[in-house]
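What follows is the content of my_file_23.csv (CSV, C-alpha atoms).
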chain,number,residue,atom,x,y,z
A,279,MET,CA,10.8,-5.1,5.6
A,280,GLY,CA,14.0,-3.3,4.6
A,281,ASN,CA,16.7,-2.3,7.0
A,282,LYS,CA,18.9,-0.1,4.8
A,283,THR,CA,21.1,2.7,6.0
A,284,LYS,CA,18.8,5.7,6.5
A,285,ARG,CA,19.3,8.7,4.3
A,286,PRO,CA,17.8,12.1,5.0
A,287,PHE,CA,14.2,12.0,3.8
A,288,THR,CA,13.6,14.2,0.8
A,289,ARG,CA,11.0,14.2,-2.0
A,290,ASN,CA,13.7,13.0,-4.4
A,291,ILE,CA,14.8,10.1,-2.3
A,292,LEU,CA,13.5,7.5,-4.7
A,293,ILE,CA,15.0,9.0,-7.9
A,294,PHE,CA,17.9,7.0,-9.3
A,295,ASP,CA,21.1,9.1,-9.5
A,296,ASN,CA,22.4,6.9,-12.3
A,297,ILE,CA,19.5,5.5,-14.2
A,298,LYS,CA,21.7,3.8,-16.8
A,299,SER,CA,23.5,1.8,-14.1
A,300,GLU,CA,20.2,0.8,-12.5
A,301,CYS,CA,18.8,-0.3,-15.8
A,302,ASP,CA,21.9,-2.3,-16.6
A,303,LYS,CA,21.7,-4.1,-13.3
A,304,ILE,CA,18.0,-5.0,-13.8
A,305,VAL,CA,18.7,-6.2,-17.4
A,306,SER,CA,21.7,-8.2,-16.4
A,307,LYS,CA,19.8,-9.9,-13.5
A,308,LEU,CA,16.8,-10.6,-15.7
A,309,ARG,CA,19.1,-12.2,-18.3
A,310,ASP,CA,20.8,-14.3,-15.7
A,311,ASP,CA,17.5,-15.3,-14.1
A,312,VAL,CA,15.9,-16.5,-17.3
A,313,TYR,CA,18.9,-18.2,-18.9
A,314,HIS,CA,20.8,-19.6,-15.9
A,315,ARG,CA,18.2,-20.1,-13.2
A,316,LEU,CA,15.0,-20.8,-15.1
A,317,HIS,CA,16.9,-22.3,-18.1
A,318,ARG,CA,14.5,-20.7,-20.6
A,319,THR,CA,15.5,-19.2,-23.9
A,320,GLY,CA,13.4,-16.0,-24.0
A,321,GLY,CA,10.3,-14.4,-22.6
A,322,VAL,CA,6.6,-14.0,-23.0
A,323,ILE,CA,4.9,-10.9,-21.7
A,324,GLY,CA,1.3,-9.9,-21.4
A,325,ILE,CA,1.1,-6.4,-22.7
A,326,SER,CA,-1.8,-4.1,-21.8
A,327,GLY,CA,-0.5,-0.7,-23.0
A,328,GLY,CA,0.1,0.3,-19.4
A,329,ILE,CA,3.3,1.7,-17.9
A,330,ASP,CA,4.3,-1.5,-16.0
A,331,SER,CA,4.1,-4.0,-18.9
A,332,SER,CA,5.6,-1.4,-21.3
A,333,VAL,CA,8.7,-1.0,-19.1
A,334,THR,CA,9.0,-4.7,-18.5
A,335,LEU,CA,8.9,-5.3,-22.3
A,336,ALA,CA,11.5,-2.6,-22.9
A,337,LEU,CA,13.8,-4.1,-20.2
A,338,SER,CA,13.3,-7.6,-21.7
A,339,VAL,CA,14.3,-6.3,-25.1
A,340,LEU,CA,17.6,-5.2,-23.7
A,341,ALA,CA,18.0,-8.5,-21.9
A,342,PHE,CA,17.2,-10.9,-24.7
A,343,GLY,CA,16.8,-9.0,-27.9
A,344,SER,CA,13.4,-8.4,-29.6
A,345,GLU,CA,13.6,-11.7,-31.5
A,346,LYS,CA,13.5,-13.7,-28.3
A,347,LEU,CA,10.3,-12.1,-27.0
A,348,LEU,CA,6.6,-12.5,-27.6
A,349,GLY,CA,4.1,-9.8,-26.5
A,350,VAL,CA,0.6,-11.1,-26.0
A,351,MET,CA,-2.4,-8.8,-25.9
A,352,LEU,CA,-5.2,-10.5,-23.9
A,353,PRO,CA,-8.4,-8.4,-24.2
A,354,GLU,CA,-11.9,-9.4,-23.2
A,355,LYS,CA,-15.2,-7.8,-23.7
A,356,ASP,CA,-14.8,-5.3,-20.8
A,357,SER,CA,-11.3,-4.2,-21.9
A,358,SER,CA,-10.7,-0.6,-23.1
A,359,SER,CA,-9.9,-0.5,-26.8
A,360,ASP,CA,-7.1,1.9,-25.9
A,361,SER,CA,-5.2,-1.0,-24.3
A,362,ALA,CA,-4.7,-2.8,-27.6
A,363,LYS,CA,-3.9,0.4,-29.4
A,364,TYR,CA,-1.1,1.3,-27.0
A,365,ALA,CA,0.2,-2.2,-26.6
A,366,GLN,CA,0.6,-2.6,-30.4
A,367,LYS,CA,2.3,0.8,-30.6
A,368,LEU,CA,4.7,-0.4,-27.9
A,369,ALA,CA,5.5,-3.7,-29.7
A,370,ASP,CA,6.0,-1.9,-33.0
A,371,LYS,CA,8.4,0.6,-31.4
A,372,PHE,CA,10.5,-2.1,-29.8
A,373,GLY,CA,10.3,-4.5,-32.8
A,374,VAL,CA,8.6,-7.2,-30.7
A,375,LYS,CA,6.2,-9.7,-32.3
A,376,ALA,CA,2.8,-9.2,-30.7
A,377,ILE,CA,-0.3,-11.4,-31.0
A,378,THR,CA,-3.8,-11.0,-29.7
A,379,GLU,CA,-5.6,-13.7,-27.8
A,380,ASN,CA,-9.1,-12.6,-27.0
A,381,ILE,CA,-10.1,-14.4,-23.8
A,382,THR,CA,-13.9,-13.5,-23.8
A,383,ALA,CA,-15.0,-17.0,-24.9
A,384,ALA,CA,-12.8,-18.6,-22.3
A,385,LEU,CA,-14.3,-16.3,-19.6
A,386,GLN,CA,-17.8,-17.1,-20.8
A,387,GLY,CA,-16.9,-20.8,-20.5
A,388,PHE,CA,-16.1,-20.2,-16.8
A,389,ASN,CA,-19.4,-18.2,-16.5
A,390,CYS,CA,-17.2,-15.3,-15.3
A,391,TYR,CA,-19.6,-12.6,-16.5
A,392,THR,CA,-22.8,-14.5,-15.4
A,393,ARG,CA,-21.4,-15.1,-11.9
A,394,ARG,CA,-20.3,-11.5,-11.5
A,395,ASP,CA,-23.6,-10.1,-12.8
A,396,GLU,CA,-25.6,-12.4,-10.6
A,397,ALA,CA,-23.9,-10.8,-7.5
A,398,VAL,CA,-24.4,-7.3,-8.8
A,399,LYS,CA,-28.1,-8.0,-9.4
A,400,LYS,CA,-28.5,-9.0,-5.8
A,401,VAL,CA,-27.5,-5.4,-4.9
A,402,PHE,CA,-29.2,-3.6,-7.8
A,403,PRO,CA,-32.1,-5.8,-9.2
A,404,GLU,CA,-32.4,-3.3,-12.1
A,405,TYR,CA,-28.8,-4.0,-13.3
A,406,ASN,CA,-28.7,-5.1,-16.9
A,407,PRO,CA,-25.2,-5.8,-18.2
A,408,SER,CA,-26.3,-5.0,-21.8
A,409,ASN,CA,-27.1,-1.4,-20.9
A,410,HIS,CA,-25.3,-0.8,-17.6
A,411,LYS,CA,-21.6,-0.5,-16.9
A,412,MET,CA,-20.3,-1.5,-13.5
A,413,LYS,CA,-17.3,-1.2,-11.3
A,414,ILE,CA,-16.4,-1.8,-7.6
A,415,GLY,CA,-14.5,0.7,-5.5
A,416,ILE,CA,-13.7,1.8,-1.9
A,417,ARG,CA,-16.7,3.3,-0.1
A,418,ASN,CA,-14.9,5.0,2.8
A,419,SER,CA,-11.4,6.3,2.8
A,420,GLY,CA,-9.6,4.0,5.2
A,421,LEU,CA,-6.3,5.9,5.1
A,422,LEU,CA,-6.9,8.4,7.8
A,423,THR,CA,-8.7,6.2,10.3
A,424,ASN,CA,-8.0,2.9,11.9
A,425,LEU,CA,-11.1,1.4,10.3
A,426,PRO,CA,-10.3,-0.5,7.1
A,427,PRO,CA,-12.2,0.4,3.9
A,428,VAL,CA,-15.3,-1.4,2.7
A,429,PHE,CA,-16.2,-1.9,-0.9
A,430,SER,CA,-19.1,-0.6,-3.0
A,431,VAL,CA,-20.5,-1.4,-6.4
A,432,THR,CA,-21.4,1.3,-8.9
A,433,ILE,CA,-23.7,0.9,-11.9
A,434,ILE,CA,-23.9,3.4,-14.7
A,435,ASP,CA,-26.7,3.5,-17.2
A,436,GLU,CA,-26.6,4.6,-20.9
A,437,ASN,CA,-27.4,8.2,-19.9
A,438,GLY,CA,-24.4,8.3,-17.5
A,439,ASN,CA,-26.6,8.1,-14.3
A,440,GLU,CA,-24.6,6.5,-11.5
A,441,GLN,CA,-25.8,4.6,-8.5
A,442,THR,CA,-23.5,3.3,-5.8
A,443,LYS,CA,-24.3,1.0,-2.9
A,444,ARG,CA,-22.1,-0.6,-0.3
A,445,LEU,CA,-21.5,-4.3,-1.0
A,446,PRO,CA,-22.5,-7.0,1.4
A,447,VAL,CA,-19.5,-9.3,2.0
A,448,ASN,CA,-20.8,-12.3,0.1
A,449,GLU,CA,-21.6,-10.3,-3.0
A,450,PHE,CA,-18.2,-8.6,-2.8
A,451,ARG,CA,-16.5,-11.9,-2.7
A,452,GLN,CA,-18.5,-13.3,-5.6
A,453,ILE,CA,-17.7,-10.3,-7.8
A,454,GLU,CA,-14.1,-10.4,-6.9
A,455,ALA,CA,-13.8,-14.2,-7.4
A,456,ALA,CA,-15.6,-14.0,-10.7
A,457,SER,CA,-13.5,-11.1,-11.9
A,458,ASN,CA,-10.3,-12.9,-11.0
A,459,PHE,CA,-11.0,-15.4,-13.7
A,460,LYS,CA,-9.7,-12.7,-16.1
A,461,GLN,CA,-6.2,-12.6,-14.7
A,462,ARG,CA,-6.1,-16.3,-14.3
A,463,CYS,CA,-7.1,-16.9,-17.9
A,464,ARG,CA,-4.4,-14.5,-19.0
A,465,MET,CA,-1.9,-16.4,-16.9
A,466,SER,CA,-2.9,-19.7,-18.5
A,467,MET,CA,-2.6,-18.3,-22.0
A,468,LEU,CA,0.8,-16.8,-21.3
A,469,TYR,CA,2.1,-20.1,-20.1
A,470,TYR,CA,0.7,-21.8,-23.2
A,471,HIS,CA,2.8,-19.6,-25.4
A,472,ALA,CA,5.8,-19.8,-23.0
A,473,GLU,CA,5.8,-23.6,-23.0
A,474,CYS,CA,5.4,-23.8,-26.8
A,475,LEU,CA,8.5,-21.5,-27.2
A,476,HIS,CA,10.5,-22.8,-24.2
A,477,TYR,CA,10.3,-19.2,-22.9
A,478,ALA,CA,9.8,-17.8,-19.3
A,479,VAL,CA,6.7,-15.8,-18.4
A,480,ILE,CA,7.9,-12.3,-17.5
A,481,GLY,CA,5.6,-10.8,-14.9
A,482,THR,CA,4.8,-7.1,-14.8
A,483,PRO,CA,3.8,-6.2,-11.2
A,484,ASN,CA,5.6,-3.4,-9.5
A,485,LYS,CA,6.6,-3.1,-5.8
A,486,HIS,CA,3.3,-1.7,-4.6
A,487,GLU,CA,1.3,-4.4,-6.4
A,488,VAL,CA,3.4,-7.1,-4.9
A,489,GLU,CA,3.7,-5.8,-1.3
A,490,GLN,CA,0.2,-4.3,-0.9
A,491,GLY,CA,-1.4,-7.3,-2.5
A,492,PHE,CA,-2.8,-5.6,-5.6
A,493,PHE,CA,-2.6,-8.7,-7.8
A,494,VAL,CA,-4.5,-11.9,-8.3
A,495,LYS,CA,-2.8,-15.0,-6.8
A,496,TYR,CA,-2.0,-17.3,-9.7
A,497,GLY,CA,-3.3,-14.6,-12.0
A,498,ASP,CA,-1.1,-11.6,-12.7
A,499,GLY,CA,0.9,-12.8,-9.7
A,500,GLY,CA,1.7,-16.0,-11.6
A,501,ALA,CA,5.0,-15.6,-13.5
A,502,ASP,CA,8.5,-16.9,-13.5
A,503,VAL,CA,10.3,-13.6,-12.9
A,504,MET,CA,9.2,-10.1,-12.0
A,505,PRO,CA,11.9,-7.6,-13.1
A,506,ILE,CA,10.2,-4.5,-11.8
A,507,GLY,CA,8.7,-6.2,-8.7
A,508,HIS,CA,11.2,-4.2,-6.5
A,509,LEU,CA,10.6,-0.8,-8.1
A,510,TYR,CA,8.4,2.0,-6.8
A,511,LYS,CA,6.1,3.6,-9.4
A,512,THR,CA,8.3,6.8,-9.5
A,513,GLN,CA,11.2,4.6,-10.5
A,514,VAL,CA,9.1,2.8,-13.1
A,515,TYR,CA,8.3,6.2,-14.7
A,516,GLN,CA,11.9,7.2,-14.5
A,517,LEU,CA,12.9,4.0,-16.4
A,518,ALA,CA,10.0,4.6,-18.8
A,519,ASN,CA,11.4,7.9,-19.8
A,520,PHE,CA,15.0,6.5,-20.0
A,521,LEU,CA,13.9,3.6,-22.1
A,522,GLY,CA,11.9,5.7,-24.6
A,523,ILE,CA,8.4,4.3,-23.8
A,524,PRO,CA,5.9,6.2,-26.0
A,525,GLN,CA,4.7,9.4,-24.3
A,526,GLU,CA,1.0,8.5,-24.6
A,527,ILE,CA,1.6,5.4,-22.5
A,528,ILE,CA,3.6,7.4,-19.9
A,529,ASP,CA,0.7,9.9,-19.8
A,530,ARG,CA,-2.1,7.4,-19.3
A,531,THR,CA,-3.8,7.2,-15.9
A,532,PRO,CA,-3.2,3.7,-14.5
A,533,THR,CA,-6.6,1.8,-14.5
A,534,THR,CA,-7.6,-1.6,-13.4
A,535,ASP,CA,-9.1,-2.4,-16.9
A,536,THR,CA,-11.2,-5.1,-15.2
A,537,TYR,CA,-14.7,-3.8,-15.0
A,538,SER,CA,-17.0,-2.5,-17.8
A,539,ALA,CA,-16.9,1.0,-16.2
A,540,GLU,CA,-13.5,2.7,-16.2
A,541,GLN,CA,-11.8,2.9,-12.9
A,542,THR,CA,-8.4,4.2,-11.8
A,543,GLN,CA,-6.1,2.1,-9.6
A,544,GLU,CA,-6.1,5.0,-7.1
A,545,GLU,CA,-9.9,4.9,-6.8
A,546,PHE,CA,-10.1,1.1,-6.5
A,547,PHE,CA,-7.2,0.4,-4.2
A,548,TYR,CA,-4.4,2.8,-3.4
A,549,GLN,CA,-6.4,5.9,-2.3
A,550,LEU,CA,-3.4,8.1,-2.8
A,551,PRO,CA,-1.6,9.5,-5.8
A,552,PHE,CA,1.4,7.3,-6.6
A,553,GLN,CA,3.9,10.1,-5.9
A,554,GLN,CA,2.7,10.3,-2.3
A,555,MET,CA,2.2,6.6,-2.0
A,556,ASP,CA,5.8,5.9,-3.1
A,557,LEU,CA,7.3,8.3,-0.6
A,558,LEU,CA,5.1,7.2,2.3
A,559,TRP,CA,5.7,3.5,1.6
A,560,TYR,CA,9.4,4.1,1.5
A,561,ALA,CA,9.3,5.9,4.8
A,562,TYR,CA,7.1,3.2,6.3
A,563,GLU,CA,9.4,0.3,5.3
A,564,ASN,CA,12.6,2.1,6.2
A,565,ASN,CA,11.3,3.1,9.7
A,566,TYR,CA,11.2,6.9,9.3
A,567,LEU,CA,9.2,8.5,12.0
A,568,PRO,CA,6.0,10.3,11.0
A,569,GLU,CA,7.3,13.5,12.7
A,570,GLU,CA,10.5,13.2,10.6
A,571,ILE,CA,8.7,13.1,7.2
A,572,ALA,CA,5.6,15.3,8.0
A,573,PRO,CA,7.3,18.6,7.0
A,574,VAL,CA,8.6,17.1,3.7
A,575,MET,CA,5.3,15.5,2.8
A,576,GLU,CA,3.3,18.5,4.1
A,577,ILE,CA,1.0,16.0,5.8
A,578,LYS,CA,0.2,16.0,9.6
A,579,ALA,CA,2.2,13.5,11.6
A,580,GLU,CA,-0.9,12.0,13.0
A,581,HIS,CA,-2.3,11.4,9.5
A,582,ILE,CA,1.0,9.8,8.5
A,583,LYS,CA,0.7,7.5,11.6
A,584,SER,CA,-2.7,6.4,10.4
A,585,ILE,CA,-1.5,5.8,6.9
A,586,PHE,CA,1.4,3.7,8.3
A,587,THR,CA,-1.1,1.7,10.4
A,588,ASN,CA,-3.1,1.0,7.2
A,589,PHE,CA,0.1,0.1,5.3
A,590,ASN,CA,1.0,-2.4,8.0
A,591,ARG,CA,-2.5,-3.9,7.9
A,592,LYS,CA,-2.4,-4.2,4.1
A,593,PHE,CA,0.9,-5.9,4.1
A,594,LYS,CA,-0.1,-8.4,6.8
A,595,THR,CA,-3.6,-9.1,5.5
A,596,THR,CA,-2.3,-9.8,2.0
A,597,GLU,CA,0.5,-12.2,3.1
A,598,TYR,CA,-1.8,-15.1,1.9
A,599,LEU,CA,-1.4,-13.8,-1.7
A,600,ARG,CA,2.3,-13.9,-1.6
A,601,MET,CA,2.6,-17.3,0.1
A,602,ALA,CA,3.8,-20.3,-1.9
A,603,PRO,CA,1.8,-23.6,-1.3
A,604,ILE,CA,2.6,-24.9,2.2
A,605,ARG,CA,4.4,-28.2,2.0
A,606,ASP,CA,5.6,-29.0,5.5
B,157,MET,CA,-34.3,-4.5,20.2
B,158,SER,CA,-35.1,-7.5,22.4
B,159,ASN,CA,-31.8,-9.3,22.1
B,160,LEU,CA,-29.5,-6.4,23.0
B,161,SER,CA,-28.9,-7.8,26.5
B,162,ASP,CA,-26.7,-10.6,25.2
B,163,ALA,CA,-25.3,-8.5,22.4
B,164,LYS,CA,-21.8,-8.3,23.9
B,165,GLU,CA,-21.5,-12.1,24.3
B,166,LYS,CA,-22.8,-12.7,20.8
B,167,LEU,CA,-20.4,-10.1,19.4
B,168,LYS,CA,-17.4,-11.6,21.1
B,169,LYS,CA,-18.3,-15.1,20.0
B,170,PHE,CA,-18.7,-13.9,16.4
B,171,ILE,CA,-15.4,-12.0,16.5
B,172,ALA,CA,-13.5,-14.9,18.0
B,173,GLU,CA,-15.0,-17.4,15.5
B,174,THR,CA,-14.4,-15.2,12.5
B,175,SER,CA,-10.8,-14.2,13.5
B,176,PHE,CA,-9.8,-17.7,14.8
B,177,LYS,CA,-8.9,-16.1,18.1
B,178,SER,CA,-9.7,-17.6,21.5
B,179,ILE,CA,-12.8,-15.9,22.9
B,180,ASP,CA,-11.0,-14.9,26.1
B,181,LYS,CA,-8.6,-12.8,24.0
B,182,ILE,CA,-11.6,-10.6,22.9
B,183,GLN,CA,-12.1,-8.1,25.7
B,184,ASP,CA,-14.7,-5.4,25.8
B,185,ASP,CA,-12.1,-2.8,25.0
B,186,SER,CA,-9.9,-4.8,22.6
B,187,MET,CA,-9.2,-2.6,19.6
B,188,ILE,CA,-10.6,-4.8,16.9
B,189,PHE,CA,-9.0,-3.1,13.9
B,190,ARG,CA,-6.1,-1.3,15.4
B,191,ASP,CA,-4.8,-4.5,16.9
B,192,GLY,CA,-5.3,-6.4,13.5
B,193,ILE,CA,-8.0,-8.7,14.7
B,194,PHE,CA,-10.2,-7.7,11.7
B,195,ASP,CA,-9.3,-6.4,8.3
B,196,SER,CA,-11.5,-5.1,5.5
B,197,MET,CA,-13.2,-8.4,5.0
B,198,GLY,CA,-13.7,-8.6,8.8
B,199,LEU,CA,-15.4,-5.2,8.8
B,200,MET,CA,-17.7,-6.2,5.9
B,201,THR,CA,-18.5,-9.5,7.6
B,202,LEU,CA,-19.2,-7.6,10.9
B,203,ILE,CA,-21.6,-5.2,9.1
B,204,THR,CA,-23.5,-8.2,7.6
B,205,PHE,CA,-23.6,-9.9,11.0
B,206,LEU,CA,-25.0,-6.8,12.8
B,207,GLU,CA,-27.6,-6.2,10.1
B,208,GLU,CA,-28.8,-9.8,10.1
B,209,ASN,CA,-28.7,-10.4,13.9
B,210,PHE,CA,-29.8,-7.0,15.3
B,211,GLN,CA,-32.2,-5.9,12.5
B,212,ILE,CA,-30.5,-2.7,11.8
B,213,GLN,CA,-29.2,-1.0,8.6
B,214,VAL,CA,-25.7,0.3,8.9
B,215,GLN,CA,-25.3,3.7,7.1
B,216,ASP,CA,-22.1,4.7,5.4
B,217,THR,CA,-21.9,7.8,7.5
B,218,GLU,CA,-21.9,5.6,10.6
B,219,LEU,CA,-18.7,3.7,9.5
B,220,ILE,CA,-16.4,5.5,11.9
B,221,GLU,CA,-14.0,4.3,14.6
B,222,GLU,CA,-16.3,5.7,17.4
B,223,ASN,CA,-18.9,3.1,16.4
B,224,PHE,CA,-16.8,0.1,15.5
B,225,GLU,CA,-13.3,0.2,17.1
B,226,SER,CA,-14.2,-2.2,20.0
B,227,VAL,CA,-16.9,-4.4,21.4
B,228,ASN,CA,-17.8,-1.6,23.7
B,229,ALA,CA,-18.1,0.8,20.8
B,230,ILE,CA,-20.2,-1.5,18.8
B,231,PHE,CA,-22.5,-2.1,21.8
B,232,ARG,CA,-23.0,1.6,22.3
B,233,TYR,CA,-23.7,1.9,18.6
B,234,LEU,CA,-26.3,-0.8,18.8
B,235,GLU,CA,-27.9,0.9,21.8
B,236,LYS,CA,-28.0,4.2,19.9
B,237,LYS,CA,-29.6,2.5,16.9
B,238,SER,CA,-32.2,0.8,19.0
B,239,SER,CA,-33.2,4.0,20.7
B,240,ASN,CA,-33.8,5.7,17.3
So, in terms of structure tokens, how does the structure I just supplied come out?
Amino acid sequence: MGNKTKRPFTRNILIFDNIKSECDKIVSKLRDDVYHRLHRTGGVIGISGGIDSSVTLALSVLAFGSEKLLGVMLPEKDSSSDSAKYAQKLADKFGVKAITENITAALQGFNCYTRRDEAVKKVFPEYNPSNHKMKIGIRNSGLLTNLPPVFSVTIIDENGNEQTKRLPVNEFRQIEAASNFKQRCRMSMLYYHAECLHYAVIGTPNKHEVEQGFFVKYGDGGADVMPIGHLYKTQVYQLANFLGIPQEIIDRTPTTDTYSAEQTQEEFFYQLPFQQMDLLWYAYENNYLPEEIAPVMEIKAEHIKSIFTNFNRKFKTTEYLRMAPIRD
Amino acid sequence: MSNLSDAKEKLKKFIAETSFKSIDKIQDDSMIFRDGIFDSMGLMTLITFLEENFQIQVQDTELIEENFESVNAIFRYLEKKSSN
């Protein structure tokens, strides 16, 4: 974890004083990485209409020019139609060629939906994917206790009636493993286009996704370079405003866009609004004491201590995701 | 609950096998989650283990540190469940 010189902790500690200079640094490094380290001539980006892929695309336009980029929309049958609408709007604004590759048939080939639905039916025998939507989420908030969270599955019928049950471990693993086909299919398709064009795959995860393990190994975690992988979400939003990302994209609530029922990233994984998450994670990795930041965050020091314990567990238990194959 | 007498040993064996720790490292008062022996998957696996081996249903409201933080805590929880 970081060991930078400690600055007084304030709510603005993550805001870039000179956003243009930060942007130039990222762009220059991205250009250098792709041309001189990866020896590729441009970039392919999966665009979802979300804030992270939008900022990544805008930075890539500055690094390579729009003519050396390809945006790929990768919807499947559970995707929100908003995703394609906003992704297209983004591509149009930045003059980037965008294509759509619908991965539903590929996922059906893997039996992604059948395998997922089989596990859901073990918990809810009445579940019928043609008239129920489903999602998984965290059952108990693990942030203020030393017990980690457990997961639940929710089904929603056509009248909006919701039922939620805690997931047994095997069913959770099956739903997660089946759903991960989605990100891995997208990665395969991005590499297809990247190899055809001799481009690099530009990954879109931000710092939280990388460090807390909110990505699929060899799925959205499979890319050649991740230009915003070191940025907090606050900084991603600051860049979005600076780069002129369409306001509708900036205003969207980040979702997982993975299950048929809509689900925010906060509900599924983070359990905290990103503004708080950013500041607490910064404090955690820079060794600020809970007592030092409690008055600024207006959170009790004992709660901050529990949150730090949870951060530590998340970082450690997701190390497997960040590990390269072991060779020696 | 007839098999409660050997519950602690069964629990320790399960925790050791699941976490790849040596069984002598799992003490009655080891803090299973605070010390990083188990994570989320560990807790979910533990719940399934308890439900299958001790014929109980773990309720969501019971998922608190007091019931799960250590072997002692889980044993007390099992005793409480068996007396209900």
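Our summary of the geometry notes that atom CA of B:Ser186 is positioned 8.6 Å from atom CA of B:Asn228.
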Using all atoms listed in the file, find each residue in chain A having at least one atom no more than 9 Å away from chain B; report its shortest atom-to-atom pair and that distance in Å (one decimal), rows by chain then rising number, as a Markdown table.
| residue | atom | partner | partner_atom | distance |
| --- | --- | --- | --- | --- |
| A:Arg417 | CA | B:Asp216 | CA | 7.8 |
| A:Asn418 | CA | B:Asp216 | CA | 7.7 |
| A:Thr423 | CA | B:Glu221 | CA | 7.1 |
| A:Asn424 | CA | B:Arg190 | CA | 5.8 |
| A:Leu425 | CA | B:Glu221 | CA | 5.9 |
| A:Pro426 | CA | B:Ser196 | CA | 5.0 |
| A:Pro427 | CA | B:Ser196 | CA | 5.8 |
| A:Val428 | CA | B:Ser196 | CA | 6.0 |
| A:Phe429 | CA | B:Met200 | CA | 8.2 |
| A:Arg444 | CA | B:Asp216 | CA | 7.8 |
| A:Leu445 | CA | B:Met200 | CA | 8.1 |
| A:Pro446 | CA | B:Thr204 | CA | 6.4 |
| A:Val447 | CA | B:Met200 | CA | 5.3 |
| A:Asn448 | CA | B:Thr201 | CA | 8.3 |
| A:Thr587 | CA | B:Arg190 | CA | 7.7 |
| A:Arg591 | CA | B:Gly192 | CA | 6.7 |
| A:Lys592 | CA | B:Asp195 | CA | 8.4 |
| A:Lys594 | CA | B:Gly192 | CA | 8.7 |
| A:Thr595 | CA | B:Asp195 | CA | 6.9 |
Write the residues you've just listed into a file as a tab-separated table (two decimals), keeping the file's coordinate frame, and include C-alpha atoms for each of them.
chain	number	residue	atom	x	y	z
A	417	ARG	CA	-16.70	3.30	-0.10
A	418	ASN	CA	-14.90	5.00	2.80
A	423	THR	CA	-8.70	6.20	10.30
A	424	ASN	CA	-8.00	2.90	11.90
A	425	LEU	CA	-11.10	1.40	10.30
A	426	PRO	CA	-10.30	-0.50	7.10
A	427	PRO	CA	-12.20	0.40	3.90
A	428	VAL	CA	-15.30	-1.40	2.70
A	429	PHE	CA	-16.20	-1.90	-0.90
A	444	ARG	CA	-22.10	-0.60	-0.30
A	445	LEU	CA	-21.50	-4.30	-1.00
A	446	PRO	CA	-22.50	-7.00	1.40
A	447	VAL	CA	-19.50	-9.30	2.00
A	448	ASN	CA	-20.80	-12.30	0.10
A	587	THR	CA	-1.10	1.70	10.40
A	591	ARG	CA	-2.50	-3.90	7.90
A	592	LYS	CA	-2.40	-4.20	4.10
A	594	LYS	CA	-0.10	-8.40	6.80
A	595	THR	CA	-3.60	-9.10	5.50
Problem set entry | A:Thr542, A:Ser358, A:Leu521, A:Thr482 ranked by distance to A:Leu340, top pick (using only C-alpha atoms) | A:Leu521
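Take the candidates B:Ala163, B:Ser178, B:Asn209, B:Phe170 and check each one against B:Glu235 using only C-alpha atoms; the shortest distance goes to B:Ala163.
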Exercise. What is the atom CA of A:Glu379 to atom CA of A:Ile433 distance in Å?
Worked result: 28.2 Å
Exercise. So which one's closest to A:Arg309, A:Ser332, A:Asn564, A:Ser338, A:Ser430? Using all atoms listed in the file, please.
Worked result: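 Once distances to A:Arg309 are computed over all atoms listed in the file, the minimum belongs to A:Ser338.
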Problem set entry | Long-range neighbours of B:Lys168 as a PyMOL selection string, 9 Å cut-off, only C-alpha atoms, 2 positions minimum in chain | chain B and resi 163-166+170-173+179-180+182-184+227
For this session: To one decimal in Å, tell me the separation between atom CA of A:Lys495 and atom CA of A:Leu599.
Result: 5.4 Å
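Nearest residue to A:Tyr469, choosing from A:Ala501, A:Ala397, A:Val431, A:Ile304 and counting only C-alpha atoms: A:Ala501.
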Problem set entry | Selection: 8 Å around A:Leu517, only C-alpha atoms, excl. self and same-chain fewer than 4 positions, as an MDAnalysis selection string | chainID A and resid 297 301 333 513 521
Can you write just those residues out, C-alpha atoms, as an mmCIF file, in the frame of the given file?
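Saved the output as part_22.cif:
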data_model
loop_
_atom_site.group_PDB
_atom_site.id
_atom_site.type_symbol
_atom_site.label_atom_id
_atom_site.label_comp_id
_atom_site.auth_asym_id
_atom_site.auth_seq_id
_atom_site.Cartn_x
_atom_site.Cartn_y
_atom_site.Cartn_z
ATOM 1 C CA ILE A 297 19.500 5.500 -14.200
ATOM 2 C CA CYS A 301 18.800 -0.300 -15.800
ATOM 3 C CA VAL A 333 8.700 -1.000 -19.100
ATOM 4 C CA GLN A 513 11.200 4.600 -10.500
ATOM 5 C CA LEU A 521 13.900 3.600 -22.100
#
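Nearest residue to A:Val322, choosing from A:Glu440, A:Asp502, A:Glu404, A:Glu454 and counting all atoms listed in the file: A:Asp502.
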Exercise. Given the choices A:Phe492, A:Asn409, A:Lys443, A:Ile527, which gets closest to A:Gly327 if the distance is worked out from all atoms listed in the file?
Worked result: A:Ile527
For this session: Find the residues near A:Lys583: any atom within 12 Å, counting all atoms listed in the file, skip ones fewer than 6 places away on the same chain, and give them as a PyMOL selection string.
Result: (chain A and resi 421-424+558-559+561-562+565-572+577+589-590) or (chain B and resi 190)
